[in-house]
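Undergrad: Enclosed is the structure file protein.cif (mmCIF, C-alpha atoms).
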data_work
loop_
_atom_site.group_PDB
_atom_site.id
_atom_site.type_symbol
_atom_site.label_atom_id
_atom_site.label_comp_id
_atom_site.auth_asym_id
_atom_site.auth_seq_id
_atom_site.Cartn_x
_atom_site.Cartn_y
_atom_site.Cartn_z
ATOM 1 C CA MET A 30 14.817 14.170 16.124
ATOM 2 C CA THR A 31 15.964 11.051 14.256
ATOM 3 C CA SER A 32 14.728 9.793 10.888
ATOM 4 C CA ILE A 33 12.785 7.029 12.607
ATOM 5 C CA ASP A 34 11.095 9.622 14.863
ATOM 6 C CA LEU A 35 9.990 11.529 11.780
ATOM 7 C CA TYR A 36 8.708 8.365 10.180
ATOM 8 C CA VAL A 37 6.699 7.350 13.242
ATOM 9 C CA SER A 38 5.104 10.790 13.535
ATOM 10 C CA GLY A 39 4.162 11.037 9.853
ATOM 11 C CA PRO A 40 0.798 10.465 8.160
ATOM 12 C CA PRO A 41 -0.652 6.980 7.599
ATOM 13 C CA ALA A 42 0.967 4.905 4.886
ATOM 14 C CA TRP A 43 -0.643 3.392 1.771
ATOM 15 C CA PRO A 44 -3.019 6.104 0.476
ATOM 16 C CA GLY A 45 -3.439 4.209 -2.811
ATOM 17 C CA CYS A 46 -4.616 1.108 -0.949
ATOM 18 C CA ALA A 47 -7.094 3.126 1.069
ATOM 19 C CA LEU A 48 -8.451 5.015 -1.955
ATOM 20 C CA GLY A 49 -8.859 1.789 -3.926
ATOM 21 C CA ALA A 50 -10.756 0.006 -1.163
ATOM 22 C CA TRP A 51 -13.013 2.931 -0.251
ATOM 23 C CA ALA A 52 -13.739 3.780 -3.899
ATOM 24 C CA ALA A 53 -14.801 0.163 -4.441
ATOM 25 C CA ALA A 54 -17.096 0.366 -1.410
ATOM 26 C CA TRP A 55 -18.622 3.565 -2.784
ATOM 27 C CA LEU A 56 -19.101 2.112 -6.276
ATOM 28 C CA GLY A 57 -20.669 -0.968 -4.703
ATOM 29 C CA GLY A 58 -23.131 1.101 -2.692
ATOM 30 C CA ARG A 59 -21.584 0.359 0.696
ATOM 31 C CA CYS A 60 -20.579 3.933 1.555
ATOM 32 C CA ALA A 61 -21.120 7.531 0.455
ATOM 33 C CA PRO A 62 -18.727 9.684 -1.602
ATOM 34 C CA ASP A 63 -18.134 11.796 1.503
ATOM 35 C CA ASP A 64 -16.755 8.698 3.256
ATOM 36 C CA VAL A 65 -14.123 8.328 0.535
ATOM 37 C CA ILE A 66 -13.233 12.012 0.734
ATOM 38 C CA ASP A 67 -12.999 11.897 4.543
ATOM 39 C CA THR A 68 -10.669 8.905 4.316
ATOM 40 C CA MET A 69 -8.372 10.737 1.905
ATOM 41 C CA SER A 70 -8.248 13.620 4.374
ATOM 42 C CA GLU A 71 -6.552 11.262 6.846
ATOM 43 C CA PHE A 72 -3.460 11.336 4.635
ATOM 44 C CA ALA A 73 -3.299 15.020 3.728
ATOM 45 C CA GLY A 74 -5.392 18.148 3.863
ATOM 46 C CA ARG A 75 -4.619 18.969 0.236
ATOM 47 C CA HIS A 76 -4.730 16.616 -2.747
ATOM 48 C CA LEU A 77 -3.408 17.409 -6.216
ATOM 49 C CA VAL A 78 -3.730 15.512 -9.503
ATOM 50 C CA VAL A 79 -0.531 15.717 -11.553
ATOM 51 C CA ASP A 80 -1.406 14.768 -15.135
ATOM 52 C CA PRO A 81 1.377 15.938 -17.486
ATOM 53 C CA ASP A 82 -0.079 14.103 -20.501
ATOM 54 C CA ALA A 83 -3.693 15.189 -19.864
ATOM 55 C CA ILE A 84 -4.821 11.567 -19.680
ATOM 56 C CA VAL A 85 -7.829 12.183 -17.466
ATOM 57 C CA ASP A 86 -10.248 15.103 -17.410
ATOM 58 C CA VAL A 87 -10.414 16.635 -13.957
ATOM 59 C CA ALA A 88 -10.489 20.228 -15.164
ATOM 60 C CA GLY A 89 -12.908 22.409 -13.268
ATOM 61 C CA ASP A 90 -12.824 20.312 -10.107
ATOM 62 C CA ARG A 91 -11.943 22.667 -7.281
ATOM 63 C CA ASP A 92 -11.167 19.709 -5.037
ATOM 64 C CA ALA A 93 -8.842 17.109 -6.570
ATOM 65 C CA ARG A 94 -10.481 14.433 -4.426
ATOM 66 C CA LEU A 95 -13.734 14.982 -6.317
ATOM 67 C CA GLY A 96 -11.814 14.746 -9.566
ATOM 68 C CA LEU A 97 -10.373 11.401 -8.534
ATOM 69 C CA LEU A 98 -13.855 10.108 -7.759
ATOM 70 C CA THR A 99 -14.955 11.200 -11.239
ATOM 71 C CA VAL A 100 -12.142 9.147 -12.750
ATOM 72 C CA LEU A 101 -12.799 6.105 -10.576
ATOM 73 C CA ARG A 102 -16.540 6.176 -11.295
ATOM 74 C CA ARG A 103 -15.829 5.161 -14.915
ATOM 75 C CA ALA A 104 -13.476 2.292 -14.075
ATOM 76 C CA ARG A 105 -14.381 -1.259 -15.043
ATOM 77 C CA GLN A 106 -12.082 -2.586 -12.317
ATOM 78 C CA ILE A 107 -9.518 -1.171 -9.916
ATOM 79 C CA GLU A 108 -6.704 -2.826 -8.008
ATOM 80 C CA VAL A 109 -3.535 -1.991 -6.132
ATOM 81 C CA ARG A 110 0.002 -3.182 -6.708
ATOM 82 C CA LEU A 111 2.866 -2.587 -4.273
ATOM 83 C CA PRO A 112 5.949 -3.406 -6.363
ATOM 84 C CA THR A 113 9.573 -3.371 -5.288
ATOM 85 C CA SER A 114 12.813 -3.855 -7.157
ATOM 86 C CA GLY A 115 12.901 -7.450 -8.333
ATOM 87 C CA ALA A 116 9.216 -7.965 -7.486
ATOM 88 C CA PRO A 117 7.085 -5.953 -9.950
ATOM 89 C CA GLN A 118 3.886 -7.824 -8.979
ATOM 90 C CA GLY A 119 2.927 -8.561 -12.567
ATOM 91 C CA LEU A 120 3.447 -5.060 -13.960
ATOM 92 C CA PRO A 121 4.854 -5.130 -17.526
ATOM 93 C CA PRO A 122 8.034 -3.347 -18.648
ATOM 94 C CA ASP A 123 6.847 0.226 -19.092
ATOM 95 C CA PRO A 124 7.763 3.756 -17.943
ATOM 96 C CA ALA A 125 4.676 3.625 -15.716
ATOM 97 C CA THR A 126 6.074 0.505 -14.048
ATOM 98 C CA THR A 127 9.390 2.281 -13.473
ATOM 99 C CA ALA A 128 7.541 5.085 -11.700
ATOM 100 C CA ALA A 129 5.544 2.556 -9.657
ATOM 101 C CA LEU A 130 8.726 0.764 -8.577
ATOM 102 C CA GLU A 131 10.217 4.053 -7.404
ATOM 103 C CA ALA A 132 7.083 4.927 -5.421
ATOM 104 C CA GLY A 133 6.306 1.409 -4.196
ATOM 105 C CA GLU A 134 2.570 1.867 -4.683
ATOM 106 C CA ILE A 135 0.202 2.278 -7.622
ATOM 107 C CA LEU A 136 -3.581 2.204 -7.980
ATOM 108 C CA LEU A 137 -4.533 0.667 -11.326
ATOM 109 C CA ILE A 138 -7.693 1.752 -13.136
ATOM 110 C CA HIS A 139 -8.817 -0.663 -15.836
ATOM 111 C CA GLY A 140 -11.403 -0.085 -18.511
ATOM 112 C CA ASP A 141 -13.517 2.816 -19.618
ATOM 113 C CA VAL A 142 -11.220 5.591 -18.421
ATOM 114 C CA ALA A 143 -8.552 4.615 -20.951
ATOM 115 C CA PRO A 144 -9.937 2.221 -23.605
ATOM 116 C CA SER A 145 -7.517 -0.593 -24.517
ATOM 117 C CA SER A 146 -5.065 0.586 -21.882
ATOM 118 C CA THR A 147 -4.659 0.940 -18.148
ATOM 119 C CA ILE A 148 -3.860 4.052 -16.194
ATOM 120 C CA GLY A 149 -2.216 4.209 -12.807
ATOM 121 C CA LEU A 150 -2.404 6.706 -9.964
ATOM 122 C CA ILE A 151 0.795 6.989 -7.933
ATOM 123 C CA PRO A 152 0.462 8.858 -4.616
ATOM 124 C CA THR A 153 3.288 10.905 -3.134
ATOM 125 C CA LEU A 154 2.970 12.379 0.341
ATOM 126 C CA ASP A 155 4.762 15.676 0.891
ATOM 127 C CA GLY A 156 3.903 17.356 4.165
ATOM 128 C CA ASP A 157 0.177 18.109 4.136
ATOM 129 C CA THR A 158 -0.104 17.537 0.378
ATOM 130 C CA CYS A 159 -0.758 14.276 -1.444
ATOM 131 C CA ARG A 160 0.081 14.327 -5.156
ATOM 132 C CA TRP A 161 -1.575 11.752 -7.401
ATOM 133 C CA THR A 162 0.477 11.423 -10.574
ATOM 134 C CA VAL A 163 -1.349 9.883 -13.536
ATOM 135 C CA HIS A 164 0.514 7.393 -15.739
ATOM 136 C CA ARG A 165 -0.732 5.556 -18.814
ATOM 137 C CA PHE A 166 0.587 2.087 -19.595
ATOM 138 C CA GLY A 167 1.416 1.323 -23.206
ATOM 139 C CA GLY A 168 -1.260 -1.380 -23.225
ATOM 140 C CA GLU A 169 -3.880 -2.883 -20.987
ATOM 141 C CA VAL A 170 -2.442 -4.500 -17.875
ATOM 142 C CA ALA A 171 -3.985 -7.876 -17.075
ATOM 143 C CA ILE A 172 -6.248 -7.817 -14.034
ATOM 144 C CA SER A 173 -4.854 -10.092 -11.358
ATOM 145 C CA PRO A 174 -7.229 -12.930 -10.406
ATOM 146 C CA PRO A 175 -8.375 -12.775 -6.770
ATOM 147 C CA GLU A 176 -5.764 -14.532 -4.671
ATOM 148 C CA SER A 177 -6.718 -17.058 -2.021
ATOM 149 C CA LEU A 178 -5.727 -15.605 1.310
ATOM 150 C CA GLY A 179 -5.230 -18.978 2.995
ATOM 151 C CA GLN A 180 -1.619 -19.401 1.875
ATOM 152 C CA VAL A 181 -1.001 -15.671 2.232
ATOM 153 C CA GLU A 182 -2.116 -15.735 5.856
ATOM 154 C CA TYR A 183 0.086 -18.750 6.555
ATOM 155 C CA ASP A 184 3.094 -16.998 4.982
ATOM 156 C CA MET A 185 2.487 -13.930 7.137
ATOM 157 C CA ARG A 186 2.309 -16.035 10.317
ATOM 158 C CA GLU A 187 5.677 -17.532 9.378
ATOM 159 C CA ALA A 188 7.036 -14.035 8.690
ATOM 160 C CA ILE A 189 5.973 -12.875 12.152
ATOM 161 C CA ARG A 190 7.824 -15.812 13.702
ATOM 162 C CA GLU A 191 10.907 -14.931 11.685
ATOM 163 C CA THR A 192 10.823 -11.292 12.742
ATOM 164 C CA ALA A 193 10.993 -12.386 16.383
ATOM 165 C CA THR A 194 14.709 -13.062 15.894
ATOM 166 C CA ILE A 195 15.149 -9.675 14.222
ATOM 167 C CA ILE A 196 13.648 -7.930 17.251
ATOM 168 C CA GLY A 197 16.168 -9.761 19.395
ATOM 169 C CA GLY A 198 18.968 -8.242 17.315
ATOM 170 C CA LEU A 199 17.734 -4.680 17.688
ATOM 171 C CA GLY A 200 19.995 -2.876 20.095
ATOM 172 C CA SER A 201 23.057 -4.952 19.290
ATOM 173 C CA GLY A 202 23.794 -2.681 16.338
ATOM 174 C CA GLY A 203 24.125 0.494 18.353
ATOM 175 C CA SER A 204 20.516 1.246 19.259
ATOM 176 C CA ARG A 205 19.985 2.948 22.604
ATOM 177 C CA SER A 206 16.336 2.016 22.734
ATOM 178 C CA GLY A 207 15.219 0.231 25.843
ATOM 179 C CA GLY A 208 12.569 -2.465 25.821
ATOM 180 C CA SER A 209 9.723 -0.086 26.651
ATOM 181 C CA GLU A 210 10.782 2.470 24.032
ATOM 182 C CA LEU A 211 11.166 -0.273 21.442
ATOM 183 C CA ARG A 212 7.646 -1.555 22.067
ATOM 184 C CA THR A 213 6.223 1.974 21.868
ATOM 185 C CA THR A 214 8.000 2.657 18.579
ATOM 186 C CA LEU A 215 6.891 -0.660 17.098
ATOM 187 C CA ALA A 216 3.290 0.016 18.102
ATOM 188 C CA ALA A 217 3.399 3.441 16.450
ATOM 189 C CA LEU A 218 4.971 2.075 13.273
ATOM 190 C CA THR A 219 2.456 -0.767 13.148
ATOM 191 C CA GLY A 220 -0.370 1.755 13.392
ATOM 192 C CA ARG A 221 1.106 3.773 10.520
ATOM 193 C CA HIS A 222 1.310 0.720 8.271
ATOM 194 C CA GLN A 223 -2.293 -0.306 8.820
ATOM 195 C CA VAL A 224 -4.483 0.222 5.772
ATOM 196 C CA ILE A 225 -7.590 2.330 6.422
ATOM 197 C CA LEU A 226 -10.272 -0.005 5.049
ATOM 198 C CA PRO A 227 -14.038 0.381 4.670
ATOM 199 C CA PRO A 228 -16.364 -2.048 6.473
ATOM 200 C CA HIS A 229 -16.042 -5.481 4.882
ATOM 201 C CA ASP A 230 -16.887 -9.117 5.545
ATOM 202 C CA ASP A 231 -13.586 -10.909 4.897
ATOM 203 C CA ILE A 232 -12.036 -11.334 8.339
ATOM 204 C CA ARG A 233 -9.033 -13.108 6.830
ATOM 205 C CA ALA A 234 -8.202 -9.974 4.835
ATOM 206 C CA THR A 235 -8.180 -8.006 8.084
ATOM 207 C CA ARG A 236 -5.829 -10.504 9.716
ATOM 208 C CA VAL A 237 -3.440 -10.363 6.757
ATOM 209 C CA ILE A 238 -3.431 -6.552 6.832
ATOM 210 C CA ASP A 239 -2.717 -6.587 10.581
ATOM 211 C CA SER A 240 0.141 -9.080 10.187
ATOM 212 C CA ALA A 241 1.610 -7.142 7.267
ATOM 213 C CA ALA A 242 1.603 -3.937 9.322
ATOM 214 C CA GLN A 243 3.401 -5.676 12.179
ATOM 215 C CA VAL A 244 6.083 -7.190 9.957
ATOM 216 C CA GLU A 245 6.583 -3.951 8.015
ATOM 217 C CA ALA A 246 7.044 -2.058 11.274
ATOM 218 C CA ILE A 247 9.780 -4.430 12.374
ATOM 219 C CA ILE A 248 11.489 -4.214 8.970
ATOM 220 C CA THR A 249 11.400 -0.400 9.147
ATOM 221 C CA LEU A 250 12.842 -0.354 12.653
ATOM 222 C CA ALA A 251 15.491 -2.902 11.720
ATOM 223 C CA GLY A 252 16.559 -0.747 8.796
ATOM 224 C CA ALA A 253 16.917 2.258 11.107
ATOM 225 C CA HIS A 254 18.781 0.496 13.933
ATOM 226 C CA ALA A 255 20.846 -2.012 11.939
ATOM 227 C CA PRO A 256 20.472 -5.209 13.985
ATOM 228 C CA THR A 257 23.432 -7.547 14.145
ATOM 229 C CA PHE A 258 23.043 -10.492 11.762
ATOM 230 C CA GLY A 259 26.554 -11.765 12.266
ATOM 231 C CA VAL A 260 30.199 -10.752 12.375
ATOM 232 C CA THR A 261 31.191 -11.311 8.732
ATOM 233 C CA ALA A 262 30.302 -9.471 5.555
ATOM 234 C CA ARG A 263 28.509 -12.584 4.358
ATOM 235 C CA HIS A 264 26.343 -12.578 7.499
ATOM 236 C CA VAL A 265 25.445 -8.926 6.938
ATOM 237 C CA GLU A 266 24.636 -9.538 3.260
ATOM 238 C CA THR A 267 22.457 -12.499 4.212
ATOM 239 C CA GLY A 268 20.652 -10.364 6.791
ATOM 240 C CA ASP A 269 19.972 -7.613 4.265
ATOM 241 C CA ALA A 270 18.623 -10.161 1.786
ATOM 242 C CA ARG A 271 16.405 -11.525 4.548
ATOM 243 C CA LEU A 272 14.884 -8.103 5.180
ATOM 244 C CA ARG A 273 14.319 -7.546 1.444
ATOM 245 C CA ARG A 274 12.612 -10.917 1.127
ATOM 246 C CA LEU A 275 10.340 -10.175 4.070
ATOM 247 C CA ALA A 276 9.548 -6.716 2.674
ATOM 248 C CA GLY A 277 8.562 -8.188 -0.700
ATOM 249 C CA LEU A 278 6.441 -10.867 0.975
ATOM 250 C CA THR A 279 4.716 -8.289 3.138
ATOM 251 C CA ARG A 280 3.895 -5.999 0.236
ATOM 252 C CA ALA A 281 2.489 -8.854 -1.839
ATOM 253 C CA ALA A 282 0.344 -9.970 1.113
ATOM 254 C CA ARG A 283 -0.986 -6.458 1.724
ATOM 255 C CA ALA A 284 -1.865 -6.003 -1.952
ATOM 256 C CA ALA A 285 -3.652 -9.371 -2.027
ATOM 257 C CA ALA A 286 -5.718 -8.507 1.047
ATOM 258 C CA VAL A 287 -6.679 -5.040 -0.196
ATOM 259 C CA ASN A 288 -7.615 -6.411 -3.612
ATOM 260 C CA ARG A 289 -9.751 -9.053 -1.928
ATOM 261 C CA VAL A 290 -11.692 -6.250 -0.198
ATOM 262 C CA ILE A 291 -11.992 -4.379 -3.511
ATOM 263 C CA VAL A 292 -13.399 -7.441 -5.249
ATOM 264 C CA GLU A 293 -15.858 -7.953 -2.379
ATOM 265 C CA HIS A 294 -17.301 -4.470 -2.939
ATOM 266 C CA LEU A 295 -16.944 -3.754 -6.644
ATOM 267 C CA PRO A 296 -19.733 -5.180 -8.822
ATOM 268 C CA ALA A 297 -18.451 -7.774 -11.281
ATOM 269 C CA ASP A 298 -20.765 -6.567 -14.076
ATOM 270 C CA ARG A 299 -19.565 -2.970 -14.280
#
Write out the structure in this file as structure tokens.
TA:
Amino acid sequence: MTSIDLYVSGPPAWPGCALGAWAAAWLGGRCAPDDVIDTMSEFAGRHLVVDPDAIVDVAGDRDARLGLLTVLRRARQIEVRLPTSGAPQGLPPDPATTAALEAGEILLIHGDVAPSSTIGLIPTLDGDTCRWTVHRFGGEVAISPPESLGQVEYDMREAIRETATIIGGLGSGGSRSGGSELRTTLAALTGRHQVILPPHDDIRATRVIDSAAQVEAIITLAGAHAPTFGVTARHVETGDARLRRLAGLTRAARAAAVNRVIVEHLPADR
């Protein structure tokens, strides 16, 4: 079994995005706590809270998912960031940001949980266990204003057009995948990169999430099969930079769409 086979057969991606959106729906009265817990079960059967500095109080909770709900209940606002190297998505220089960059995903909790500061939950999937490591920022992280999804959706449509040429290069770098196998793998990867969202009214957010999943799937497959970008080292370097740019764009678009859903659900006067 290849690394790409393992990746396709793994659990859904983006547990922090899903928890943020479903917690907002629960806090806004659009779903029950059990709906949040059931959604978290899609990622792993066991959830652990790793809190080396004892920042939050989840002692006595037999189920870490219930402990996370206790923490989120006291939040003034929550949001997701999906940072990458060179694109921290507004996170300040801080050890917590370093951890978020390594993980590529962080759920920010602003407000009452940590007065005058922000804490972050970073999920790590390991088999059937999801670990949520708690980090405290040195100060309060500014809440990102809701981003208009009009430009984001346009950028994602352009990204999909650009990835069409990348698909054409798959196979020229040594891949043995035929057309049918390639389509099957892309469909599976796209499904993995979908964010499990609660019911919501913003159709544009759904379209952005769908486009981001499609582009991310192609980027993942391209990284595994090394498409041919050209015959010189400069061509290869340009191709790698192209994939990194698309990955950063995709992550920013996904975060914007998820945060739009969070804002739709979470009361502004908490």
Undergrad: With distances taken over all atoms listed in the file, which of A:Val78, A:Ala83, A:Ile248, A:Ala286 is nearest to Asp269 (chain A)?
TA: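 The shortest atom-to-atom distance to Asp269 (chain A) comes from A:Ile248.
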Undergrad: Quick one: residues within 7 Å of region 102-118 of chain A, all atoms listed in the file, excluding same-chain residues fewer than 6 positions away - as JSON, numbers by chain?
TA: {"A": [46, 49, 56, 129, 130, 133, 134, 135, 136, 137, 138, 139, 140, 141, 142, 277, 280, 281, 284, 288, 299]}
Undergrad: I'd like the neighbourhood of Leu95 (chain A) as number ranges by chain, where a residue qualifies if any of its atoms comes within 10 Å (using all atoms listed in the file), though same-chain residues fewer than 2 positions away should be ignored.
TA: A: 62-63, 65-66, 76, 87, 90-93, 97-101
Undergrad: Taking all atoms listed in the file into account, which of A:Val224, A:Ile247, A:Ile291, A:Val79 comes nearest Ala47 (chain A)?
TA: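 Among the listed residues, A:Val224 lies closest to Ala47 (chain A).
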Undergrad: Between CA of Thr214 (chain A) and CA of Leu178 (chain A), what is the distance, to one decimal in Å?
TA: 28.6 Å
Undergrad: The PyMOL selection byres ((chain A and resi 175-177) around 12) - which residues does that actually catch in the file I just gave you? List them as JSON, numbers by chain.
TA: {"A": [108, 109, 172, 173, 174, 178, 179, 180, 181, 182, 183, 231, 233, 234, 237, 281, 282, 283, 284, 285, 286, 287, 288, 289, 290, 291, 292, 293]}
